[in-house]
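Peer 1: Contents of upload01.pdb (PDB, C-alpha atoms) are below:
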ATOM      1  CA  MET A  10     -22.097   8.493 -17.155
ATOM      2  CA  ASN A  11     -24.526  10.071 -19.606
ATOM      3  CA  GLU A  12     -27.219   7.398 -19.812
ATOM      4  CA  SER A  13     -30.423   6.947 -17.843
ATOM      5  CA  LEU A  14     -30.955   3.869 -15.697
ATOM      6  CA  GLN A  15     -34.136   1.916 -15.059
ATOM      7  CA  VAL A  16     -35.014   0.739 -11.555
ATOM      8  CA  LYS A  17     -35.168  -3.044 -11.249
ATOM      9  CA  LYS A  18     -35.273  -3.426  -7.471
ATOM     10  CA  VAL A  19     -34.942  -1.106  -4.472
ATOM     11  CA  LEU A  20     -32.646  -2.645  -1.834
ATOM     12  CA  ASN A  21     -33.017   0.256   0.590
ATOM     13  CA  ASN A  22     -33.329   4.046   0.560
ATOM     14  CA  ASN A  23     -29.748   4.425  -0.618
ATOM     15  CA  VAL A  24     -29.111   1.388  -2.822
ATOM     16  CA  VAL A  25     -30.967   0.362  -5.987
ATOM     17  CA  ILE A  26     -30.500  -2.387  -8.559
ATOM     18  CA  VAL A  27     -30.918  -0.956 -12.059
ATOM     19  CA  THR A  28     -30.473  -1.883 -15.699
ATOM     20  CA  ASP A  29     -28.672   0.348 -18.178
ATOM     21  CA  PHE A  30     -29.669   0.979 -21.807
ATOM     22  CA  SER A  31     -27.793  -2.211 -22.838
ATOM     23  CA  GLY A  32     -29.696  -4.313 -20.334
ATOM     24  CA  ASN A  33     -26.709  -4.747 -17.995
ATOM     25  CA  GLU A  34     -27.516  -4.958 -14.313
ATOM     26  CA  ARG A  35     -25.840  -2.410 -12.030
ATOM     27  CA  ILE A  36     -26.036  -1.354  -8.415
ATOM     28  CA  VAL A  37     -26.279   2.387  -7.831
ATOM     29  CA  ILE A  38     -25.510   3.929  -4.468
ATOM     30  CA  GLY A  39     -26.534   7.409  -3.435
ATOM     31  CA  LYS A  40     -28.170   9.222  -0.558
ATOM     32  CA  GLY A  41     -31.966   8.765  -0.770
ATOM     33  CA  ILE A  42     -31.832   7.366  -4.317
ATOM     34  CA  GLY A  43     -34.200   4.499  -3.442
ATOM     35  CA  PHE A  44     -36.740   6.555  -1.539
ATOM     36  CA  ALA A  45     -40.265   6.131  -3.032
ATOM     37  CA  LYS A  46     -38.755   4.600  -6.180
ATOM     38  CA  LYS A  47     -40.714   1.847  -7.949
ATOM     39  CA  GLN A  48     -39.734  -0.861 -10.395
ATOM     40  CA  GLY A  49     -39.554   0.427 -13.946
ATOM     41  CA  GLU A  50     -38.965   4.061 -13.031
ATOM     42  CA  SER A  51     -36.010   5.886 -14.552
ATOM     43  CA  ILE A  52     -33.172   7.634 -12.803
ATOM     44  CA  SER A  53     -32.381  10.894 -14.567
ATOM     45  CA  HIS A  54     -29.043  11.967 -16.022
ATOM     46  CA  GLU A  55     -28.687  14.604 -13.289
ATOM     47  CA  GLN A  56     -29.107  11.981 -10.573
ATOM     48  CA  VAL A  57     -26.797   9.455 -12.242
ATOM     49  CA  ASP A  58     -23.882  11.890 -12.251
ATOM     50  CA  LYS A  59     -24.094  12.108  -8.436
ATOM     51  CA  LEU A  60     -24.275   8.354  -7.848
ATOM     52  CA  PHE A  61     -21.686   5.657  -7.371
ATOM     53  CA  VAL A  62     -22.235   2.718  -9.717
ATOM     54  CA  LEU A  63     -21.017  -0.835  -9.083
ATOM     55  CA  LYS A  64     -20.432  -2.433 -12.483
ATOM     56  CA  ASN A  65     -18.411  -5.517 -11.574
ATOM     57  CA  GLU A  66     -20.724  -8.505 -11.063
ATOM     58  CA  ASN A  67     -18.618  -9.955  -8.267
ATOM     59  CA  GLU A  68     -18.588  -6.625  -6.418
ATOM     60  CA  GLN A  69     -22.365  -6.387  -6.841
ATOM     61  CA  GLU A  70     -22.985  -9.808  -5.326
ATOM     62  CA  GLN A  71     -20.640  -9.157  -2.411
ATOM     63  CA  TYR A  72     -22.311  -5.820  -1.722
ATOM     64  CA  LYS A  73     -25.809  -7.336  -1.788
ATOM     65  CA  THR A  74     -24.631  -9.939   0.728
ATOM     66  CA  LEU A  75     -23.302  -7.202   3.032
ATOM     67  CA  LEU A  76     -26.611  -5.339   2.916
ATOM     68  CA  SER A  77     -28.420  -8.422   4.219
ATOM     69  CA  TYR A  78     -26.779  -8.225   7.650
ATOM     70  CA  ILE A  79     -25.705  -4.595   8.135
ATOM     71  CA  GLU A  80     -28.150  -1.994   9.426
ATOM     72  CA  GLU A  81     -29.254   0.507   6.806
ATOM     73  CA  ASP A  82     -28.190   3.493   8.922
ATOM     74  CA  THR A  83     -24.663   2.061   9.137
ATOM     75  CA  VAL A  84     -24.551   1.472   5.372
ATOM     76  CA  GLU A  85     -25.683   5.059   4.765
ATOM     77  CA  LEU A  86     -23.030   6.378   7.152
ATOM     78  CA  ILE A  87     -20.271   4.401   5.428
ATOM     79  CA  ASN A  88     -21.473   5.637   2.042
ATOM     80  CA  ASP A  89     -21.263   9.184   3.384
ATOM     81  CA  VAL A  90     -17.643   8.727   4.494
ATOM     82  CA  ILE A  91     -16.759   7.184   1.125
ATOM     83  CA  VAL A  92     -18.140  10.310  -0.552
ATOM     84  CA  HIS A  93     -15.983  12.338   1.863
ATOM     85  CA  ILE A  94     -12.921  10.283   0.908
ATOM     86  CA  GLY A  95     -13.583  10.899  -2.783
ATOM     87  CA  ASN A  96     -13.971  14.624  -2.195
ATOM     88  CA  ARG A  97     -10.754  14.846  -0.178
ATOM     89  CA  PHE A  98      -8.708  13.194  -2.924
ATOM     90  CA  GLU A  99     -10.664  14.690  -5.824
ATOM     91  CA  ASN A 100     -10.381  11.568  -7.937
ATOM     92  CA  ASP A 101     -12.373   8.450  -8.731
ATOM     93  CA  LEU A 102     -12.264   5.645  -6.198
ATOM     94  CA  ASN A 103     -12.066   1.989  -7.126
ATOM     95  CA  GLU A 104     -15.563   0.576  -6.687
ATOM     96  CA  HIS A 105     -14.230  -2.182  -4.417
ATOM     97  CA  ILE A 106     -14.024   0.321  -1.550
ATOM     98  CA  HIS A 107     -17.809   0.049  -1.149
ATOM     99  CA  VAL A 108     -17.453  -3.650  -0.444
ATOM    100  CA  ALA A 109     -14.140  -3.651   1.403
ATOM    101  CA  LEU A 110     -14.649  -0.613   3.631
ATOM    102  CA  THR A 111     -18.298  -1.445   4.407
ATOM    103  CA  ASP A 112     -17.302  -4.970   5.404
ATOM    104  CA  HIS A 113     -14.332  -3.781   7.449
ATOM    105  CA  ILE A 114     -16.182  -1.063   9.367
ATOM    106  CA  ALA A 115     -19.188  -3.306  10.062
ATOM    107  CA  PHE A 116     -16.862  -6.014  11.402
ATOM    108  CA  ALA A 117     -14.912  -3.472  13.478
ATOM    109  CA  ILE A 118     -18.164  -2.256  15.068
ATOM    110  CA  LYS A 119     -19.187  -5.838  15.823
ATOM    111  CA  ARG A 120     -15.805  -6.570  17.438
ATOM    112  CA  LEU A 121     -16.153  -3.450  19.554
ATOM    113  CA  GLN A 122     -19.610  -4.511  20.737
ATOM    114  CA  GLN A 123     -18.201  -7.917  21.678
ATOM    115  CA  GLY A 124     -15.360  -6.327  23.622
ATOM    116  CA  LEU A 125     -12.698  -7.528  21.198
ATOM    117  CA  ASP A 126      -9.752  -5.457  20.019
ATOM    118  CA  ILE A 127      -7.501  -6.392  17.108
ATOM    119  CA  LYS A 128      -4.122  -4.689  17.373
ATOM    120  CA  ASN A 129      -2.621  -2.935  14.366
ATOM    121  CA  PRO A 130       1.078  -3.915  14.377
ATOM    122  CA  PHE A 131       2.120  -1.512  11.611
ATOM    123  CA  LEU A 132       0.251   1.649  12.608
ATOM    124  CA  THR A 133       3.356   3.853  12.745
ATOM    125  CA  GLU A 134       4.643   2.618   9.396
ATOM    126  CA  THR A 135       1.218   3.216   7.802
ATOM    127  CA  GLN A 136       1.146   6.798   9.058
ATOM    128  CA  THR A 137       4.643   7.348   7.670
ATOM    129  CA  LEU A 138       3.983   5.722   4.295
ATOM    130  CA  TYR A 139       0.554   7.215   3.603
ATOM    131  CA  PRO A 140       0.258  10.501   5.545
ATOM    132  CA  LYS A 141      -2.685  11.983   3.609
ATOM    133  CA  GLU A 142      -4.608   8.713   3.608
ATOM    134  CA  TYR A 143      -3.959   8.469   7.356
ATOM    135  CA  THR A 144      -5.270  11.993   7.972
ATOM    136  CA  VAL A 145      -8.452  11.300   5.992
ATOM    137  CA  ALA A 146      -8.839   7.977   7.825
ATOM    138  CA  GLU A 147      -8.712   9.884  11.118
ATOM    139  CA  GLU A 148     -11.546  12.058   9.840
ATOM    140  CA  VAL A 149     -13.535   8.974   8.829
ATOM    141  CA  ILE A 150     -13.145   7.296  12.216
ATOM    142  CA  GLU A 151     -14.073  10.528  13.989
ATOM    143  CA  VAL A 152     -17.287  10.822  11.933
ATOM    144  CA  ILE A 153     -18.210   7.184  12.614
ATOM    145  CA  ASN A 154     -17.491   7.471  16.331
ATOM    146  CA  LYS A 155     -19.568  10.626  16.693
ATOM    147  CA  SER A 156     -22.444   9.367  14.563
ATOM    148  CA  LEU A 157     -22.756   5.976  16.262
ATOM    149  CA  GLN A 158     -21.661   7.130  19.735
ATOM    150  CA  ILE A 159     -18.879   4.546  19.865
ATOM    151  CA  HIS A 160     -15.099   4.613  20.173
ATOM    152  CA  LEU A 161     -13.280   2.614  17.533
ATOM    153  CA  PRO A 162      -9.616   2.161  18.601
ATOM    154  CA  GLU A 163      -6.761   4.093  17.025
ATOM    155  CA  GLY A 164      -5.591   1.004  15.170
ATOM    156  CA  GLU A 165      -8.670   1.245  12.970
ATOM    157  CA  VAL A 166      -7.331   4.512  11.549
ATOM    158  CA  GLY A 167      -4.418   2.582  10.086
ATOM    159  CA  PHE A 168      -6.634  -0.110   8.590
ATOM    160  CA  VAL A 169      -8.966   2.467   7.022
ATOM    161  CA  ALA A 170      -5.933   4.330   5.619
ATOM    162  CA  LEU A 171      -4.889   1.152   3.787
ATOM    163  CA  HIS A 172      -8.382   0.794   2.301
ATOM    164  CA  ILE A 173      -8.232   4.418   1.143
ATOM    165  CA  HIS A 174      -4.797   3.929  -0.423
ATOM    166  CA  SER A 175      -6.106   0.823  -2.177
ATOM    167  CA  ALA A 176      -9.089   2.736  -3.589
ATOM    168  CA  ILE A 177      -7.076   5.641  -4.972
ATOM    169  CA  THR A 178      -4.218   3.551  -6.411
ATOM    170  CA  ASN A 179      -6.207   0.506  -7.622
ATOM    171  CA  LYS A 180      -3.864  -1.759  -5.652
ATOM    172  CA  SER A 181      -5.282  -4.664  -3.672
ATOM    173  CA  VAL A 182      -5.665  -4.223   0.081
ATOM    174  CA  ARG A 183      -4.076  -7.640   0.460
ATOM    175  CA  ASP A 184      -0.839  -6.556  -1.266
ATOM    176  CA  ILE A 185      -0.757  -3.244   0.603
ATOM    177  CA  LYS A 186      -1.141  -5.032   3.955
ATOM    178  CA  LYS A 187       1.497  -7.565   2.949
ATOM    179  CA  HIS A 188       3.968  -4.814   2.087
ATOM    180  CA  SER A 189       3.184  -2.864   5.278
ATOM    181  CA  GLN A 190       3.693  -6.000   7.348
ATOM    182  CA  LEU A 191       6.997  -6.624   5.579
ATOM    183  CA  ILE A 192       8.205  -3.102   6.359
ATOM    184  CA  ASN A 193       7.192  -3.600   9.995
ATOM    185  CA  THR A 194       9.199  -6.840  10.107
ATOM    186  CA  LEU A 195      12.236  -5.158   8.544
ATOM    187  CA  MET A 196      12.075  -2.261  11.024
ATOM    188  CA  GLU A 197      11.923  -4.685  13.946
ATOM    189  CA  MET A 198      15.016  -6.441  12.566
ATOM    190  CA  ILE A 199      16.787  -3.081  12.332
ATOM    191  CA  ARG A 200      15.883  -2.089  15.900
ATOM    192  CA  HIS A 201      17.078  -5.430  17.256
ATOM    193  CA  SER A 202      20.238  -5.731  15.164
ATOM    194  CA  LEU A 203      21.444  -2.160  15.738
ATOM    195  CA  ASP A 204      20.139  -2.140  19.324
ATOM    196  CA  ILE A 205      18.710   1.366  18.967
ATOM    197  CA  THR A 206      15.560   3.223  19.925
ATOM    198  CA  ILE A 207      14.273   4.791  16.745
ATOM    199  CA  ASP A 208      12.624   8.191  16.759
ATOM    200  CA  THR A 209       9.691   7.577  14.422
ATOM    201  CA  LYS A 210       9.391  11.320  13.820
ATOM    202  CA  SER A 211      12.999  11.707  12.679
ATOM    203  CA  ILE A 212      13.846  12.469   9.071
ATOM    204  CA  ASN A 213      16.142   9.432   8.890
ATOM    205  CA  TYR A 214      13.317   7.096   9.942
ATOM    206  CA  LEU A 215      10.955   8.682   7.417
ATOM    207  CA  ARG A 216      13.525   8.365   4.642
ATOM    208  CA  LEU A 217      14.260   4.722   5.464
ATOM    209  CA  VAL A 218      10.611   3.637   5.627
ATOM    210  CA  ARG A 219       9.798   5.416   2.370
ATOM    211  CA  HIS A 220      12.884   3.898   0.754
ATOM    212  CA  LEU A 221      11.725   0.436   1.847
ATOM    213  CA  ARG A 222       8.296   1.093   0.379
ATOM    214  CA  HIS A 223       9.724   2.138  -2.996
ATOM    215  CA  ALA A 224      12.221  -0.723  -2.914
ATOM    216  CA  ILE A 225       9.408  -3.245  -2.372
ATOM    217  CA  GLU A 226       7.444  -1.696  -5.237
ATOM    218  CA  ARG A 227      10.491  -1.818  -7.523
ATOM    219  CA  ILE A 228      11.262  -5.429  -6.580
ATOM    220  CA  SER A 229       7.624  -6.454  -7.078
ATOM    221  CA  ALA A 230       7.633  -4.820 -10.516
ATOM    222  CA  GLY A 231      10.951  -6.457 -11.457
ATOM    223  CA  ASP A 232      12.695  -3.144 -12.089
ATOM    224  CA  ILE A 233      16.428  -3.344 -12.792
ATOM    225  CA  MET A 234      18.882  -1.174 -10.863
ATOM    226  CA  GLU A 235      22.370  -0.166 -11.941
ATOM    227  CA  GLU A 236      25.080  -2.003 -10.002
ATOM    228  CA  GLN A 237      27.234   0.023  -7.589
ATOM    229  CA  GLU A 238      30.232  -2.299  -7.151
ATOM    230  CA  LYS A 239      32.845   0.308  -6.191
ATOM    231  CA  LEU A 240      30.559   2.004  -3.668
ATOM    232  CA  ALA A 241      29.486  -1.376  -2.297
ATOM    233  CA  LYS A 242      33.116  -2.283  -1.595
ATOM    234  CA  VAL A 243      33.724   0.997   0.241
ATOM    235  CA  LEU A 244      30.551   0.673   2.349
ATOM    236  CA  LYS A 245      31.329  -2.946   3.218
ATOM    237  CA  GLU A 246      34.719  -1.876   4.595
ATOM    238  CA  GLU A 247      33.559   1.336   6.300
ATOM    239  CA  TYR A 248      30.240   0.139   7.759
ATOM    240  CA  PRO A 249      30.387  -3.686   8.021
ATOM    241  CA  VAL A 250      27.546  -3.938  10.596
ATOM    242  CA  CYS A 251      25.117  -1.925   8.486
ATOM    243  CA  TYR A 252      26.238  -3.648   5.286
ATOM    244  CA  ASN A 253      25.690  -7.125   6.723
ATOM    245  CA  LEU A 254      22.304  -6.054   8.102
ATOM    246  CA  ALA A 255      21.339  -4.719   4.681
ATOM    247  CA  TRP A 256      21.905  -8.177   3.206
ATOM    248  CA  LYS A 257      19.828  -9.802   5.944
ATOM    249  CA  LEU A 258      17.010  -7.420   5.099
ATOM    250  CA  ILE A 259      17.393  -8.231   1.407
ATOM    251  CA  LYS A 260      17.056 -11.967   2.105
ATOM    252  CA  VAL A 261      13.822 -11.361   4.022
ATOM    253  CA  MET A 262      12.464  -9.252   1.150
ATOM    254  CA  GLN A 263      13.415 -11.955  -1.360
ATOM    255  CA  ASN A 264      11.707 -14.684   0.656
ATOM    256  CA  THR A 265       8.566 -12.643   1.341
ATOM    257  CA  LEU A 266       8.103 -11.266  -2.166
ATOM    258  CA  SER A 267       9.435 -14.354  -3.967
ATOM    259  CA  LYS A 268      11.392 -12.002  -6.209
ATOM    260  CA  PRO A 269      15.131 -11.408  -6.738
ATOM    261  CA  VAL A 270      16.516  -8.236  -5.191
ATOM    262  CA  PRO A 271      19.206  -6.296  -7.122
ATOM    263  CA  HIS A 272      22.597  -6.249  -5.393
ATOM    264  CA  ALA A 273      22.605  -2.461  -5.668
ATOM    265  CA  GLU A 274      19.854  -2.400  -3.031
ATOM    266  CA  ALA A 275      22.490  -3.290  -0.415
ATOM    267  CA  VAL A 276      24.270  -0.016  -1.144
ATOM    268  CA  TYR A 277      21.222   2.178  -0.612
ATOM    269  CA  LEU A 278      20.069   0.280   2.457
ATOM    270  CA  THR A 279      23.528   0.478   4.034
ATOM    271  CA  MET A 280      23.601   4.269   3.670
ATOM    272  CA  HIS A 281      20.125   4.606   5.197
ATOM    273  CA  LEU A 282      21.032   2.265   8.058
ATOM    274  CA  GLN A 283      24.280   4.094   8.751
ATOM    275  CA  ARG A 284      22.477   7.439   9.013
ATOM    276  CA  LEU A 285      19.817   5.904  11.231
ATOM    277  CA  SER A 286      22.351   4.275  13.581
ATOM    278  CA  ARG A 287      24.447   7.436  13.762
ATOM    279  CA  TYR A 288      21.764  10.030  14.415
ATOM    280  CA  ASP A 289      18.951   8.053  16.084
ATOM    281  CA  ASN A 290      21.101   6.104  18.509
TER     282      ASN A 290
END
Rewrite the coordinates I just gave you, this time as structure tokens.
Peer 2:
Amino acid sequence: MNESLQVKKVLNNNVVIVTDFSGNERIVIGKGIGFAKKQGESISHEQVDKLFVLKNENEQEQYKTLLSYIEEDTVELINDVIVHIGNRFENDLNEHIHVALTDHIAFAIKRLQQGLDIKNPFLTETQTLYPKEYTVAEEVIEVINKSLQIHLPEGEVGFVALHIHSAITNKSVRDIKKHSQLINTLMEMIRHSLDITIDTKSINYLRLVRHLRHAIERISAGDIMEEQEKLAKVLKEEYPVCYNLAWKLIKVMQNTLSKPVPHAEAVYLTMHLQRLSRYDN
């Protein structure tokens, strides 16, 4: 951004409502940006480049609502970890992270104070699918715990990782959670159907989970896959248990995503399942 902004209202030391040169209202977020600022003052080009600007009107209204019931120190801390997230990935974050992550962390802290604990059912799958996001989320939770002298549970690392993935990919947290939950459901079906204990650190588990993730993305996007009729016939004869399970998994994916799944998916799933049942059993 190479334009100056004019202060309209100071919400707190770190959040200011401004107007740009076109008269559009924005919310700017930055450490100490609101300190001693008065209405009508300008924010310089140098300062603007270091700030995070909320441009979407809906995001602005949601963020203002959050500020009304979250302590300023907590807001500042969350802004600091968002800056850390941006630095670790070295790319722009979707502005929604300021609303979504602030809301999530504030609610997690409140639950903790009330003695409540929400379990994260797809923690392992999240760590497998988004390893870098998970590592950065661990750093975020560690900073929050140390700063506020609290102990957010490990499950929060997984939730924060999903928010990070959403911010760097511009995908909705809702869809990411839906897909993670679907993968968790599919893995539980696999464990039960094959009656195996899966080593979640094994290469075959990692390959299967990542295949499921890409398969869900392909199905959601409506991508077409080349049919593998000859190979499908061989796999059906050689590995009937895994082949039949693959089709059960496909039906669950179809019902959950409300999208058709290419028949070729049965071939790839069968091969992954066969390797998993052979080496992880």
Peer 1: Near Val218 in chain A, within 9 Å and counting all atoms listed in the file, which residues show up once chain neighbours fewer than 4 positions away are dropped, as a list in words?
Peer 2: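 The residues satisfying every condition are Glu134, Thr137, Leu138, Ile192, Met196, Asn213, Tyr214, Arg222 and His223 of chain A.
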Peer 1: Do a neighbour search on Ala176 in chain A at 6 Å with all atoms listed in the file, toss out local chain neighbours closer than 2 positions, and write the hits as a tab-separated table (two decimals) with C-alpha atoms, in the frame of the given file.
Peer 2:
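Dumped everything to result37.tsv:
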chain	number	residue	atom	x	y	z
A	102	LEU	CA	-12.26	5.64	-6.20
A	103	ASN	CA	-12.07	1.99	-7.13
A	106	ILE	CA	-14.02	0.32	-1.55
A	173	ILE	CA	-8.23	4.42	1.14
A	174	HIS	CA	-4.80	3.93	-0.42
A	178	THR	CA	-4.22	3.55	-6.41
A	179	ASN	CA	-6.21	0.51	-7.62
Peer 1: Between CA of Leu132 in chain A and CA of Leu110 in chain A, what is the spacing in Å?
Peer 2: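 Between CA of Leu110 in chain A and CA of Leu132 in chain A the gap is 17.5 Å.
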Peer 1: So which residues get picked by the PyMOL selection byres ((chain A and resi 14-18) around 9) here, written as a list in words?
Peer 2: Glu12, Ser13, Val19, Leu20, Val25, Ile26, Val27, Thr28, Asp29, Phe30, Glu34, Arg35, Gly43, Lys46, Lys47, Gln48, Gly49, Glu50, Ser51, Ile52, Ser53, His54 and Val57 of chain A
Peer 1: Write out as a list in words which residues come within 7 Å of range 267-283 of chain A when counting all atoms listed in the file, dropping same-chain ones fewer than 6 positions away.
Peer 2: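 That gives Leu217, Ile228, Ser229, Ile233, Met234, Glu235, Glu236, Gln237, Ala241, Cys251, Tyr252, Ala255, Trp256 and Ile259 of chain A.
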Peer 1: Find, counting all atoms listed in the file, the residue in A:Ile159, A:Leu254, A:Ile225, A:Val182 that gets nearest to Ser202 in chain A.
Peer 2: A:Leu254
Peer 1: Check which residues satisfy the PyMOL selection byres ((chain A and resi 194) around 12) in the file shown, then give them as a list in words.
Peer 2: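 Selected by the PyMOL selection byres ((chain A and resi 194) around 12) here: Pro130, Phe131, Glu134, Lys187, His188, Ser189, Gln190, Leu191, Ile192, Asn193, Leu195, Met196, Glu197, Met198, Ile199, Arg200, His201, Val218, Leu221, Lys257, Leu258, Val261, Met262 and Thr265 of chain A.
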Peer 1: Write the residues of the preceding selection, restricted to C-alpha atoms, as a short mmCIF file (atom, residue, chain, number, x, y, z; two decimals), in the coordinates of the input.
Peer 2:
data_model
loop_
_atom_site.label_atom_id
_atom_site.label_comp_id
_atom_site.auth_asym_id
_atom_site.auth_seq_id
_atom_site.Cartn_x
_atom_site.Cartn_y
_atom_site.Cartn_z
CA PRO A 130 1.08 -3.92 14.38
CA PHE A 131 2.12 -1.51 11.61
CA GLU A 134 4.64 2.62 9.40
CA LYS A 187 1.50 -7.56 2.95
CA HIS A 188 3.97 -4.81 2.09
CA SER A 189 3.18 -2.86 5.28
CA GLN A 190 3.69 -6.00 7.35
CA LEU A 191 7.00 -6.62 5.58
CA ILE A 192 8.20 -3.10 6.36
CA ASN A 193 7.19 -3.60 9.99
CA LEU A 195 12.24 -5.16 8.54
CA MET A 196 12.08 -2.26 11.02
CA GLU A 197 11.92 -4.68 13.95
CA MET A 198 15.02 -6.44 12.57
CA ILE A 199 16.79 -3.08 12.33
CA ARG A 200 15.88 -2.09 15.90
CA HIS A 201 17.08 -5.43 17.26
CA VAL A 218 10.61 3.64 5.63
CA LEU A 221 11.72 0.44 1.85
CA LYS A 257 19.83 -9.80 5.94
CA LEU A 258 17.01 -7.42 5.10
CA VAL A 261 13.82 -11.36 4.02
CA MET A 262 12.46 -9.25 1.15
CA THR A 265 8.57 -12.64 1.34
#
Peer 1: Selection in question (the file shown): the PyMOL selection byres ((chain A and resi 136) around 12). Which residues does it include, as a ChimeraX atom specification?
Peer 2: /A:129-135,137-147,163-171,174,189,209-210,215,218-219
Peer 1: CA of Asp126 in chain A and CA of His172 in chain A, how far apart in Å?
Peer 2: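 Calculated distance between CA of His172 in chain A and CA of Asp126 in chain A is 18.8 Å.
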Peer 1: Could N, CA and C atoms be built for range 94-113 of chain A and written out as a compact mmCIF listing (two decimals), in the frame of the given file?
Peer 2:
# COMPACT_ATOMS: atom_id res chain seq x y z
N ILE A 94 -14.25 10.72 1.37
CA ILE A 94 -12.92 10.28 0.91
C ILE A 94 -12.69 10.72 -0.54
N GLY A 95 -13.70 10.50 -1.38
CA GLY A 95 -13.58 10.90 -2.78
C GLY A 95 -13.39 12.39 -2.95
N ASN A 96 -14.10 13.16 -2.13
CA ASN A 96 -13.97 14.62 -2.19
C ASN A 96 -12.60 15.09 -1.72
N ARG A 97 -12.06 14.43 -0.72
CA ARG A 97 -10.75 14.85 -0.18
C ARG A 97 -9.62 14.56 -1.16
N PHE A 98 -9.77 13.53 -1.97
CA PHE A 98 -8.71 13.19 -2.92
C PHE A 98 -9.03 13.67 -4.34
N GLU A 99 -10.24 14.12 -4.54
CA GLU A 99 -10.66 14.69 -5.82
C GLU A 99 -10.34 13.77 -7.01
N ASN A 100 -10.54 12.49 -6.81
CA ASN A 100 -10.38 11.57 -7.94
C ASN A 100 -11.30 10.37 -7.74
N ASP A 101 -11.48 9.60 -8.80
CA ASP A 101 -12.37 8.45 -8.73
C ASP A 101 -11.79 7.37 -7.82
N LEU A 102 -12.68 6.73 -7.08
CA LEU A 102 -12.26 5.64 -6.20
C LEU A 102 -12.60 4.32 -6.86
N ASN A 103 -11.76 3.33 -6.65
CA ASN A 103 -12.07 1.99 -7.13
C ASN A 103 -13.35 1.51 -6.45
N GLU A 104 -14.26 0.94 -7.23
CA GLU A 104 -15.56 0.58 -6.69
C GLU A 104 -15.48 -0.45 -5.55
N HIS A 105 -14.37 -1.16 -5.46
CA HIS A 105 -14.23 -2.18 -4.42
C HIS A 105 -14.27 -1.58 -3.01
N ILE A 106 -14.01 -0.29 -2.88
CA ILE A 106 -14.02 0.32 -1.55
C ILE A 106 -15.40 0.20 -0.91
N HIS A 107 -16.46 0.19 -1.71
CA HIS A 107 -17.81 0.05 -1.15
C HIS A 107 -18.00 -1.31 -0.49
N VAL A 108 -17.38 -2.32 -1.05
CA VAL A 108 -17.45 -3.65 -0.44
C VAL A 108 -16.46 -3.76 0.71
N ALA A 109 -15.21 -3.43 0.42
CA ALA A 109 -14.14 -3.65 1.40
C ALA A 109 -14.30 -2.80 2.65
N LEU A 110 -14.56 -1.49 2.47
CA LEU A 110 -14.65 -0.61 3.63
C LEU A 110 -15.94 -0.87 4.42
N THR A 111 -17.04 -1.13 3.72
CA THR A 111 -18.30 -1.44 4.41
C THR A 111 -18.13 -2.70 5.25
N ASP A 112 -17.53 -3.71 4.68
CA ASP A 112 -17.30 -4.97 5.40
C ASP A 112 -16.39 -4.75 6.60
N HIS A 113 -15.30 -3.99 6.38
CA HIS A 113 -14.33 -3.78 7.45
C HIS A 113 -14.93 -2.99 8.62
